[in-house]
$ cat upload_1.txt   # compact mmCIF, C-alpha atoms
# COMPACT_ATOMS: atom_id res chain seq x y z
CA MET A 1 -87.66 -3.67 -38.56
CA THR A 2 -86.35 -5.56 -41.56
CA MET A 3 -84.48 -8.78 -41.13
CA ASP A 4 -82.79 -8.79 -44.50
CA THR A 5 -80.61 -5.72 -44.16
CA PRO A 6 -77.16 -6.77 -45.35
CA PRO A 7 -74.32 -6.19 -42.96
CA PRO A 8 -72.60 -2.87 -43.61
CA ALA A 9 -69.53 -3.00 -45.82
CA GLY A 10 -66.13 -2.44 -44.28
CA GLU A 11 -65.75 -2.85 -40.61
CA PRO A 12 -68.81 -3.76 -38.64
CA ASP A 13 -68.85 -2.11 -35.27
CA ASP A 14 -70.57 -4.92 -33.52
CA SER A 15 -70.46 -8.66 -33.48
CA THR A 16 -71.11 -10.55 -36.64
CA SER A 17 -71.44 -13.78 -34.73
CA ALA A 18 -75.16 -13.80 -34.28
CA GLY A 19 -76.87 -16.71 -32.63
CA THR A 20 -76.56 -17.81 -29.10
CA ILE A 21 -74.71 -20.85 -27.95
CA GLY A 22 -76.68 -23.91 -27.03
CA ASP A 23 -79.86 -21.81 -26.78
CA SER A 24 -78.42 -20.24 -23.66
CA GLY A 25 -79.20 -16.73 -24.80
CA TYR A 26 -75.49 -15.90 -24.69
CA THR A 27 -73.22 -15.29 -27.67
CA LEU A 28 -69.59 -16.15 -28.13
CA GLU A 29 -68.73 -12.57 -27.18
CA ASP A 30 -70.77 -12.83 -24.00
CA LEU A 31 -68.95 -16.01 -23.12
CA SER A 32 -65.62 -14.33 -23.84
CA ASP A 33 -66.50 -11.47 -21.52
CA TYR A 34 -67.60 -13.97 -18.90
CA SER A 35 -64.33 -15.84 -19.21
CA ASP A 36 -62.34 -12.58 -19.01
CA ARG A 37 -64.15 -11.73 -15.78
CA GLY A 38 -63.04 -15.04 -14.30
CA ARG A 39 -66.63 -16.42 -14.63
CA GLU A 40 -67.73 -14.04 -11.88
CA PRO A 41 -70.44 -13.33 -10.92
CA ALA A 42 -71.68 -16.78 -11.81
CA ILE A 43 -74.37 -17.03 -14.49
CA PRO A 44 -76.27 -20.30 -14.02
CA ALA A 45 -77.65 -20.26 -17.58
CA ILE A 46 -74.03 -20.53 -18.78
CA ASP A 47 -72.63 -22.72 -16.03
CA ASP A 48 -75.41 -25.29 -16.45
CA ASN A 49 -75.20 -25.41 -20.22
CA ALA A 50 -72.94 -28.11 -21.64
CA GLU A 51 -72.37 -26.35 -24.95
CA CYS A 52 -71.45 -23.11 -23.21
CA GLN A 53 -69.04 -25.02 -20.97
CA SER A 54 -67.38 -26.57 -23.96
CA VAL A 55 -67.04 -23.19 -25.70
CA LEU A 56 -65.69 -21.61 -22.52
CA ALA A 57 -63.09 -24.34 -22.27
CA SER A 58 -62.08 -23.68 -25.88
CA ILE A 59 -61.82 -19.93 -25.28
CA GLU A 60 -59.56 -20.49 -22.33
CA ARG A 61 -57.53 -23.13 -24.12
CA VAL A 62 -56.73 -20.99 -27.17
CA GLY A 63 -55.90 -18.04 -24.91
CA ALA A 64 -53.43 -20.12 -22.91
CA LEU A 65 -52.00 -21.56 -26.12
CA SER A 66 -51.41 -18.05 -27.46
CA ARG A 67 -49.40 -17.15 -24.38
CA ASP A 68 -47.50 -20.44 -24.69
CA LEU A 69 -46.78 -19.66 -28.32
CA VAL A 70 -45.11 -16.32 -27.60
CA ALA A 71 -43.21 -17.81 -24.65
CA LYS A 72 -42.02 -20.67 -26.84
CA GLU A 73 -40.93 -18.36 -29.63
CA ALA A 74 -38.90 -16.43 -27.06
CA THR A 75 -37.15 -19.56 -25.76
CA ASP A 76 -36.64 -20.93 -29.28
CA HIS A 77 -34.90 -17.72 -30.35
CA PRO A 78 -33.05 -16.56 -27.25
CA ALA A 79 -30.19 -14.85 -29.07
CA LEU A 80 -30.48 -11.18 -29.89
CA ASP A 81 -28.90 -10.00 -33.07
CA GLU A 82 -25.61 -8.36 -32.08
CA SER A 83 -25.90 -5.54 -34.59
CA TRP A 84 -29.41 -4.78 -33.29
CA PHE A 85 -27.99 -4.83 -29.78
CA GLY A 86 -25.14 -2.58 -30.85
CA SER A 87 -27.35 0.05 -32.41
CA LEU A 88 -29.62 0.04 -29.36
CA PHE A 89 -26.70 0.75 -27.08
CA ALA A 90 -25.32 3.36 -29.45
CA ALA A 91 -28.62 5.20 -29.02
CA ILE A 92 -28.65 5.28 -25.25
CA SER A 93 -26.09 6.73 -22.92
CA SER A 94 -25.55 7.21 -19.24
CA GLU A 95 -24.92 10.90 -19.91
CA ALA A 96 -28.64 11.44 -20.14
CA LYS A 97 -28.80 10.36 -16.52
CA ALA A 98 -25.71 12.19 -15.30
CA GLY A 99 -27.75 14.35 -12.95
CA ARG A 100 -26.39 17.32 -11.07
CA ASP A 101 -22.84 18.61 -11.32
CA ILE A 102 -20.88 18.46 -8.10
CA PRO A 103 -18.09 21.04 -7.93
CA LEU A 104 -14.58 19.96 -6.99
CA SER A 105 -11.95 22.36 -5.73
CA SER A 106 -9.30 23.16 -8.26
CA PRO A 107 -5.66 24.10 -7.68
CA ASP A 108 -6.00 26.61 -10.51
CA PRO A 109 -8.60 29.29 -9.79
CA ARG A 110 -9.21 29.75 -13.53
CA THR A 111 -10.31 26.14 -13.90
CA ARG A 112 -13.60 24.78 -12.67
CA LEU A 113 -13.72 21.09 -11.95
CA SER A 114 -16.76 19.02 -11.30
CA ILE A 115 -17.94 15.46 -11.07
CA THR A 116 -21.44 14.41 -12.04
CA GLU A 117 -23.95 12.84 -9.73
CA GLY A 118 -24.04 9.91 -12.15
CA ALA A 119 -20.31 9.36 -11.75
CA VAL A 120 -20.69 9.39 -7.97
CA ARG A 121 -23.48 6.82 -8.20
CA GLU A 122 -21.21 4.68 -10.35
CA LEU A 123 -18.51 4.96 -7.72
CA VAL A 124 -21.01 3.90 -5.05
CA ARG A 125 -22.19 0.92 -7.12
CA ALA A 126 -18.61 -0.19 -7.78
CA ALA A 127 -17.75 0.08 -4.09
CA GLY A 128 -20.84 -1.88 -3.02
CA ASP A 129 -20.50 -4.53 -5.72
CA GLY A 130 -16.90 -5.02 -4.58
CA VAL A 131 -18.18 -6.53 -1.33
CA ASP A 132 -18.54 -10.31 -1.60
CA GLY A 133 -22.19 -11.30 -1.85
CA ALA A 134 -23.53 -7.79 -2.49
CA LEU A 135 -25.12 -6.24 -5.57
CA VAL A 136 -26.14 -2.60 -5.47
CA GLY A 137 -29.56 -1.52 -6.79
CA ARG A 138 -30.77 2.05 -6.44
CA CYS A 139 -28.43 4.75 -5.25
CA GLN A 140 -29.69 8.20 -4.34
CA LEU A 141 -27.80 11.21 -3.08
CA HIS A 142 -29.83 13.45 -0.78
CA GLY A 143 -28.85 16.93 0.19
CA ASP A 144 -27.03 19.88 -1.16
CA LEU A 145 -24.36 18.81 -3.64
CA ASP A 146 -22.99 22.19 -4.57
CA GLY A 147 -20.22 22.19 -2.03
CA ALA A 148 -21.78 24.63 0.37
CA GLY A 149 -20.43 22.39 3.07
CA SER A 150 -23.70 20.89 4.20
CA GLY A 151 -23.66 17.18 4.51
CA ILE A 152 -25.25 14.68 2.17
CA ARG A 153 -26.94 11.39 2.80
CA VAL A 154 -26.39 8.42 0.51
CA GLU A 155 -29.25 5.98 0.28
CA LEU A 156 -28.78 2.66 -1.45
CA SER A 157 -30.56 -0.64 -1.79
CA ILE A 158 -28.66 -3.87 -2.12
CA SER A 159 -29.31 -7.48 -2.94
CA VAL A 160 -27.47 -10.05 -0.80
CA LEU A 161 -26.41 -13.47 -1.97
CA LEU A 162 -28.58 -16.11 -0.34
CA GLY A 163 -26.73 -17.60 2.60
CA ALA A 164 -24.32 -14.68 3.05
CA PRO A 165 -24.32 -12.94 6.44
CA VAL A 166 -26.77 -10.11 5.73
CA HIS A 167 -25.74 -7.74 8.50
CA GLU A 168 -22.05 -8.12 7.82
CA VAL A 169 -22.51 -7.62 4.10
CA ALA A 170 -24.62 -4.49 4.65
CA ALA A 171 -22.11 -3.08 7.14
CA LEU A 172 -19.21 -3.75 4.78
CA VAL A 173 -21.05 -2.06 1.93
CA ARG A 174 -21.71 0.98 4.12
CA GLN A 175 -18.03 1.14 5.11
CA ARG A 176 -16.71 0.62 1.62
CA VAL A 177 -19.02 3.22 0.09
CA TYR A 178 -18.14 5.74 2.77
CA SER A 179 -14.39 5.34 2.34
CA GLU A 180 -14.55 5.43 -1.46
CA LEU A 181 -16.57 8.65 -1.39
CA LEU A 182 -14.10 10.11 1.07
CA ALA A 183 -11.18 9.14 -1.14
CA HIS A 184 -12.56 10.26 -4.48
CA THR A 185 -14.98 13.12 -3.84
CA GLU A 186 -15.15 16.15 -1.61
CA LEU A 187 -18.65 15.35 -0.48
CA ALA A 188 -19.35 15.75 3.21
CA VAL A 189 -21.01 12.39 3.68
CA GLU A 190 -23.13 12.41 6.81
CA ALA A 191 -24.74 9.04 6.41
CA VAL A 192 -24.75 6.01 4.18
CA ASP A 193 -28.08 4.20 4.52
CA VAL A 194 -28.10 0.67 3.20
CA THR A 195 -31.37 -1.22 2.74
CA VAL A 196 -31.31 -4.91 1.94
CA ALA A 197 -34.09 -5.08 -0.64
CA ASP A 198 -33.50 -8.41 -2.28
CA VAL A 199 -31.63 -11.70 -2.22
CA HIS A 200 -30.05 -13.40 -5.17
CA VAL A 201 -28.91 -16.96 -5.73
CA ILE A 202 -26.29 -18.63 -7.82
CA PRO A 203 -28.25 -20.95 -10.12
CA ASN A 204 -25.81 -23.88 -10.00
CA PRO A 205 -22.82 -24.48 -7.76
CA GLN A 206 -20.30 -24.46 -10.62
CA GLY A 207 -21.74 -21.40 -12.30
CA GLY A 208 -21.05 -18.97 -9.50
CA THR A 209 -18.46 -16.30 -9.87
CA GLU A 210 -18.52 -14.93 -6.38
CA MET B 211 -15.08 -4.10 -16.73
CA ARG B 212 -13.63 -2.78 -13.53
CA HIS B 213 -15.27 -5.40 -11.36
CA PRO B 214 -15.24 -8.76 -13.06
CA VAL B 215 -16.41 -10.53 -9.90
CA THR B 216 -19.79 -8.83 -10.08
CA ASP B 217 -22.15 -11.04 -11.99
CA LEU B 218 -25.19 -8.94 -12.76
CA THR B 219 -26.91 -11.84 -14.45
CA LEU B 220 -27.65 -13.08 -10.91
CA ALA B 221 -29.51 -9.88 -10.04
CA SER B 222 -33.27 -9.65 -9.93
CA ASP B 223 -35.23 -7.55 -12.41
CA GLU B 224 -35.79 -5.05 -9.64
CA ILE B 225 -32.09 -4.51 -8.94
CA LEU B 226 -31.29 -4.29 -12.64
CA ALA B 227 -34.09 -1.80 -13.29
CA GLU B 228 -32.97 0.32 -10.36
CA ARG B 229 -29.41 0.41 -11.60
CA SER B 230 -30.61 1.20 -15.11
CA ALA B 231 -32.67 4.09 -13.75
CA ASP B 232 -29.46 5.38 -12.20
CA GLY B 233 -27.67 5.21 -15.54
CA ASP B 234 -25.98 1.80 -15.45
CA THR B 235 -25.89 0.70 -19.08
CA VAL B 236 -24.36 -2.67 -18.15
CA ALA B 237 -27.36 -3.50 -15.97
CA PHE B 238 -29.70 -2.37 -18.72
CA ALA B 239 -27.90 -4.66 -21.16
CA VAL B 240 -28.49 -7.62 -18.82
CA LEU B 241 -32.17 -6.67 -18.61
CA VAL B 242 -32.41 -6.41 -22.40
CA ARG B 243 -30.77 -9.80 -22.90
CA ARG B 244 -33.08 -11.33 -20.32
CA HIS B 245 -36.36 -10.00 -21.70
CA GLY B 246 -35.50 -9.03 -25.28
CA PRO B 247 -36.44 -12.41 -26.78
CA TYR B 248 -39.90 -12.32 -25.19
CA LEU B 249 -40.49 -8.70 -26.16
CA ARG B 250 -39.45 -9.48 -29.72
CA ALA B 251 -41.72 -12.52 -29.98
CA PHE B 252 -44.62 -10.47 -28.60
CA ALA B 253 -43.99 -7.60 -31.03
CA ALA B 254 -43.63 -10.03 -33.94
CA ARG B 255 -47.05 -11.49 -33.18
CA ILE B 256 -48.61 -8.02 -33.08
CA THR B 257 -46.91 -6.60 -36.16
CA GLY B 258 -46.71 -9.84 -38.13
CA SER B 259 -43.19 -8.91 -39.18
CA SER B 260 -39.89 -9.68 -37.53
CA ALA B 261 -38.28 -6.56 -39.02
CA ASP B 262 -41.01 -4.36 -37.58
CA ALA B 263 -40.75 -6.24 -34.30
CA ASP B 264 -37.01 -5.55 -34.08
CA ASP B 265 -37.57 -1.86 -34.76
CA ALA B 266 -40.50 -1.57 -32.36
CA VAL B 267 -38.61 -3.28 -29.53
CA GLN B 268 -35.55 -1.14 -30.10
CA GLU B 269 -37.63 2.03 -30.08
CA ALA B 270 -39.44 0.85 -26.96
CA LEU B 271 -36.20 0.15 -25.13
CA ILE B 272 -34.80 3.59 -25.98
CA THR B 273 -38.00 5.16 -24.63
CA ALA B 274 -37.81 2.91 -21.58
CA TRP B 275 -34.22 3.89 -20.84
CA ASP B 276 -35.17 7.55 -20.74
CA ALA B 277 -38.29 6.97 -18.67
CA LEU B 278 -36.99 4.37 -16.20
CA SER B 279 -36.77 6.68 -13.23
CA SER B 280 -40.52 7.33 -13.50
CA LEU B 281 -41.22 3.62 -12.97
CA GLU B 282 -43.06 3.15 -9.70
CA ASP B 283 -42.45 -0.52 -9.03
CA PHE B 284 -39.09 -1.64 -10.36
CA SER B 285 -39.93 -5.30 -9.85
CA LYS B 286 -42.63 -4.97 -12.55
CA VAL B 287 -40.19 -3.82 -15.18
CA ARG B 288 -41.03 -6.62 -17.60
CA ALA B 289 -44.75 -5.79 -17.67
CA TRP B 290 -43.87 -2.14 -18.09
CA LEU B 291 -41.51 -2.89 -20.99
CA THR B 292 -44.18 -5.08 -22.57
CA SER B 293 -46.67 -2.23 -22.50
CA ILE B 294 -44.20 0.13 -24.17
CA VAL B 295 -43.44 -2.52 -26.79
CA SER B 296 -47.12 -2.96 -27.57
CA ARG B 297 -47.53 0.79 -28.00
CA LYS B 298 -44.51 1.05 -30.30
CA SER B 299 -45.72 -1.98 -32.27
CA THR B 300 -49.16 -0.50 -32.85
CA ASP B 301 -47.54 2.85 -33.74
CA ARG B 302 -45.58 1.10 -36.47
CA ILE B 303 -48.68 -0.56 -37.83
CA ARG B 304 -50.50 2.76 -37.99
CA ARG B 305 -47.60 4.40 -39.80
CA ARG B 306 -47.21 1.48 -42.16
CA LYS B 307 -50.83 1.23 -43.23
CA PRO B 308 -53.13 4.17 -42.83
CA SER B 309 -56.20 2.37 -44.10
CA SER B 310 -57.21 -0.33 -41.68
CA GLU B 311 -60.47 -1.14 -43.42
CA LEU B 312 -58.56 -2.28 -46.49
CA ASP B 313 -56.32 -4.48 -44.39
CA GLU B 314 -59.19 -6.43 -43.00
CA GLN B 315 -60.25 -7.47 -46.47
CA ARG B 316 -56.87 -7.85 -48.04
CA ALA B 317 -54.92 -9.58 -45.34
CA GLU B 318 -56.78 -12.83 -45.81
CA ALA B 319 -54.89 -13.34 -49.05
CA ASP B 320 -51.51 -12.97 -47.42
CA HIS B 321 -49.56 -15.35 -45.27
CA ARG B 322 -49.54 -19.08 -45.35
CA GLY B 323 -52.68 -20.86 -46.41
CA PRO B 324 -54.53 -23.93 -45.22
CA GLU B 325 -51.94 -26.28 -46.74
CA ALA B 326 -49.33 -25.00 -44.35
CA ARG B 327 -51.76 -25.36 -41.51
CA ALA B 328 -52.43 -28.96 -42.46
CA ILE B 329 -48.79 -29.91 -42.19
CA ALA B 330 -48.12 -28.07 -38.96
CA SER B 331 -46.34 -30.50 -36.71
CA SER B 332 -47.67 -29.33 -33.37
CA GLN B 333 -50.61 -27.41 -32.09
CA LEU B 334 -48.41 -24.41 -31.39
CA ASP B 335 -47.22 -24.42 -35.00
CA ALA B 336 -50.83 -24.73 -36.06
CA LEU B 337 -51.83 -21.80 -33.89
CA ALA B 338 -48.95 -19.73 -35.28
CA ASP B 339 -50.31 -20.33 -38.77
CA VAL B 340 -53.90 -19.61 -37.79
CA LEU B 341 -52.87 -16.31 -36.20
CA ALA B 342 -50.71 -15.37 -39.18
CA ALA B 343 -53.66 -15.94 -41.48
CA LEU B 344 -56.04 -13.74 -39.48
CA PRO B 345 -56.86 -10.31 -40.89
CA GLU B 346 -54.31 -7.94 -39.46
CA GLY B 347 -56.69 -5.92 -37.29
CA GLN B 348 -58.10 -9.08 -35.74
CA ARG B 349 -54.66 -10.49 -35.06
CA GLN B 350 -53.52 -7.30 -33.31
CA CYS B 351 -56.57 -7.28 -31.07
CA TRP B 352 -56.12 -10.96 -30.36
CA VAL B 353 -52.46 -10.70 -29.34
CA LEU B 354 -53.02 -7.58 -27.23
CA LYS B 355 -55.94 -9.26 -25.48
CA GLU B 356 -54.74 -12.83 -25.02
CA VAL B 357 -51.00 -12.33 -24.68
CA GLY B 358 -50.77 -8.74 -23.49
CA GLY B 359 -53.75 -9.06 -21.16
CA TYR B 360 -55.21 -5.68 -22.10
CA SER B 361 -58.83 -4.66 -21.71
CA TYR B 362 -61.07 -3.72 -24.66
CA ASP B 363 -60.73 -0.06 -23.72
CA GLU B 364 -56.94 -0.21 -23.54
CA ILE B 365 -56.75 -1.95 -26.91
CA ALA B 366 -59.14 0.59 -28.40
CA ASP B 367 -56.91 3.40 -27.16
CA GLU B 368 -53.78 1.84 -28.58
CA LEU B 369 -55.23 1.04 -31.97
CA ASP B 370 -57.26 4.21 -32.25
CA ILE B 371 -60.55 2.41 -32.77
CA THR B 372 -63.69 2.13 -30.66
CA PRO B 373 -64.13 -0.54 -27.98
CA ALA B 374 -67.07 -1.86 -30.03
CA VAL B 375 -64.75 -2.49 -32.98
CA VAL B 376 -62.27 -4.24 -30.67
CA ARG B 377 -65.08 -6.42 -29.38
CA GLY B 378 -66.22 -7.27 -32.90
CA ARG B 379 -62.73 -8.07 -34.13
CA LEU B 380 -62.03 -10.23 -31.11
CA ALA B 381 -65.26 -12.12 -31.55
CA ARG B 382 -64.44 -12.90 -35.17
CA ALA B 383 -60.83 -13.80 -34.34
CA ARG B 384 -62.02 -16.04 -31.53
CA ALA B 385 -64.54 -17.82 -33.73
CA THR B 386 -61.85 -18.49 -36.35
CA VAL B 387 -59.16 -19.58 -33.90
CA ILE B 388 -61.50 -21.87 -31.98
CA SER B 389 -62.82 -23.59 -35.06
CA GLU B 390 -59.38 -23.95 -36.71
CA MET B 391 -57.89 -25.32 -33.51
CA GLU B 392 -60.73 -27.75 -32.90
CA VAL B 393 -58.81 -30.62 -34.57
CA TRP B 394 -55.97 -30.18 -32.10
CA LYS B 395 -58.08 -30.76 -29.05

$ encode --input "upload_1.txt" --output "structure tokens"
Amino acid sequence: MTMDTPPPAGEPDDSTSAGTIGDSGYTLEDLSDYSDRGREPAIPAIDDNAECQSVLASIERVGALSRDLVAKEATDHPALDESWFGSLFAAISSEAKAGRDIPLSSPDPRTRLSITEGAVRELVRAAGDGVDGALVGRCQLHGDLDGAGSGIRVELSISVLLGAPVHEVAALVRQRVYSELLAHTELAVEAVDVTVADVHVIPNPQGGTE
Amino acid sequence: MRHPVTDLTLASDEILAERSADGDTVAFAVLVRRHGPYLRAFAARITGSSADADDAVQEALITAWDALSSLEDFSKVRAWLTSIVSRKSTDRIRRRKPSSELDEQRAEADHRGPEARAIASSQLDALADVLAALPEGQRQCWVLKEVGGYSYDEIADELDITPAVVRGRLARARATVISEMEVWK
């Protein structure tokens, strides 16, 4: 074994930080691993070594600072460039998520009419959101949508404004969704299942819009 | 808007992600405005370029939009978006510079030097300069590890290098960052 082999050129595949910290037998990398593991299981040779403790504190400090840095950069530059935003939203569309086609009866037998599942979900969201204190989350249509006459079940999750009467809000959403679907689609709605999945708050009393 | 009374900015991430999965572009826009600044700052630290960060985040969000319905826990949408952003950021780096060995040696010359570090007005400014001055490969590993919270293996996968190289780069980055930041203790 020769001690004077120069380190390989380019990218070394192991640590270049030789030498252990405070004669503990552990390197900076070892201490980093130890810190990443939440200092578990405890290694007395590290825990009882003042130099190791100081290095561990530094490792954790610069890690926390790095997270602070990115968080601070985000709060310092909260505005998104509107042209960036515009091109993002030009690239995405709800059509990609339109889902199944639901046939509608047509007065003219030569014309086929249909409404997409996505449009029905939008109708459901609009109906639910229209109830004071409710915001609709997920909306799923279960069952046969192709007009064979079998009933469908609408499942939706909602968030209720903190302090609003939860049961009343949920019942109103169910009612409103049911009547909107009846009015605007030919779906045989058997059930509208509403799950209250979340609550939301208005951050300050003046800021509320509902 | 058909329903001006609905204020989606009040909605939780979970509700917004669910609506986005169902095709609600308005909800997705609220989600993007809420988390876009963080995602951009994260990507900028990985790529070292705000132009690349903007592109990587945009690409990530387009991918996310298409994949949203596969998300298992909608309340964890931010972490999920962050992971897509880190992948798109490292993709851009790979496309930009095929030879990573060269970067390690060359990058030291770039960015702001010690003078800038000396006049940094706060320890966060100082850290920003220290990170910017790190060789690119080290900086990427550092940000993915310390900010993204990824394991050596995950970073190795993303950067297409071995876990041993990740470990080595992190050790060198850590030694530099700790010693440069010593004065700010």

$ atom_distance --input "upload_1.txt" --atom1 "CA of Leu162 in chain A" --atom2 "CA of Ala74 in chain A"
28.6 Å

$ closest_atom_pairs --input "upload_1.txt" --of "chain A" --to "chain B" --cutoff "8 Å" --atoms "only C-alpha atoms" --output "Markdown table"
| residue | atom | partner | partner_atom | distance |
| --- | --- | --- | --- | --- |
| A:Gly10 | CA | B:Glu311 | CA | 5.9 |
| A:Glu11 | CA | B:Glu311 | CA | 6.2 |
| A:Pro12 | CA | B:Val375 | CA | 7.1 |
| A:Asp13 | CA | B:Val375 | CA | 4.7 |
| A:Asp14 | CA | B:Gly378 | CA | 5.0 |
| A:Ser15 | CA | B:Gly378 | CA | 4.5 |
| A:Thr16 | CA | B:Gly378 | CA | 7.0 |
| A:Ser17 | CA | B:Arg382 | CA | 7.1 |
| A:Leu28 | CA | B:Ala381 | CA | 6.8 |
| A:Glu29 | CA | B:Ala381 | CA | 5.6 |
| A:Ser58 | CA | B:Ile388 | CA | 6.4 |
| A:Ile59 | CA | B:Ile388 | CA | 7.0 |
| A:Val62 | CA | B:Ile388 | CA | 6.8 |
| A:Gly63 | CA | B:Glu356 | CA | 5.3 |
| A:Ala64 | CA | B:Glu356 | CA | 7.7 |
| A:Leu65 | CA | B:Leu334 | CA | 7.0 |
| A:Ser66 | CA | B:Val357 | CA | 6.4 |
| A:Arg67 | CA | B:Val357 | CA | 5.1 |
| A:Asp68 | CA | B:Leu334 | CA | 7.8 |
| A:Leu69 | CA | B:Leu334 | CA | 5.9 |
| A:Val70 | CA | B:Ala251 | CA | 5.6 |
| A:Ala71 | CA | B:Tyr248 | CA | 6.4 |
| A:Glu73 | CA | B:Ala251 | CA | 5.9 |
| A:Ala74 | CA | B:Tyr248 | CA | 4.6 |
| A:Thr75 | CA | B:Pro247 | CA | 7.3 |
| A:His77 | CA | B:Pro247 | CA | 6.6 |
| A:Pro78 | CA | B:Pro247 | CA | 5.4 |
| A:Ala79 | CA | B:Pro247 | CA | 7.1 |
| A:Leu80 | CA | B:Pro247 | CA | 6.8 |
| A:Trp84 | CA | B:Asp264 | CA | 7.7 |
| A:Leu88 | CA | B:Gln268 | CA | 6.1 |
| A:Ala91 | CA | B:Ile272 | CA | 7.1 |
| A:Ile92 | CA | B:Ile272 | CA | 6.4 |
| A:Ser93 | CA | B:Thr235 | CA | 7.2 |
| A:Ser94 | CA | B:Gly233 | CA | 4.7 |
| A:Glu95 | CA | B:Gly233 | CA | 7.7 |
| A:Ala96 | CA | B:Asp276 | CA | 7.6 |
| A:Lys97 | CA | B:Gly233 | CA | 5.4 |
| A:Ala98 | CA | B:Gly233 | CA | 7.3 |
| A:Gly118 | CA | B:Gly233 | CA | 6.8 |
| A:Arg121 | CA | B:Asp232 | CA | 7.3 |
| A:Glu122 | CA | B:Asp234 | CA | 7.6 |
| A:Ala126 | CA | B:His213 | CA | 7.1 |
| A:Asp129 | CA | B:Thr216 | CA | 6.2 |
| A:Gly130 | CA | B:His213 | CA | 7.0 |
| A:Leu135 | CA | B:Ala221 | CA | 7.2 |
| A:Val136 | CA | B:Ile225 | CA | 7.1 |
| A:Gly137 | CA | B:Ile225 | CA | 4.5 |
| A:Arg138 | CA | B:Glu228 | CA | 4.8 |
| A:Cys139 | CA | B:Asp232 | CA | 7.1 |
| A:Ile158 | CA | B:Ile225 | CA | 7.7 |
| A:Ser159 | CA | B:Ile225 | CA | 7.2 |
| A:Asp198 | CA | B:Ser222 | CA | 7.8 |
| A:His200 | CA | B:Ala221 | CA | 6.0 |
| A:Val201 | CA | B:Leu220 | CA | 6.6 |
| A:Ile202 | CA | B:Leu220 | CA | 6.5 |
| A:Pro203 | CA | B:Leu220 | CA | 7.9 |
| A:Thr209 | CA | B:Val215 | CA | 6.1 |
| A:Glu210 | CA | B:Val215 | CA | 6.0 |

$ residues_near_point --input "upload_1.txt" --point "(-49.6, -10.1, -37.9)" --cutoff "9 Å" --atoms "only C-alpha atoms" --output "NGL selection string"
:B and (254-259 or 341-350)

$ atom_distance --input "upload_1.txt" --atom1 "CA of Ile102 in chain A" --atom2 "CA of Asp283 in chain B"
28.7 Å

$ closest_residue --input "upload_1.txt" --among "B:Ala266, B:Ala383, B:Ser285, B:Glu364" --to "Ala197 in chain A" --atoms "only C-alpha atoms"
B:Ser285
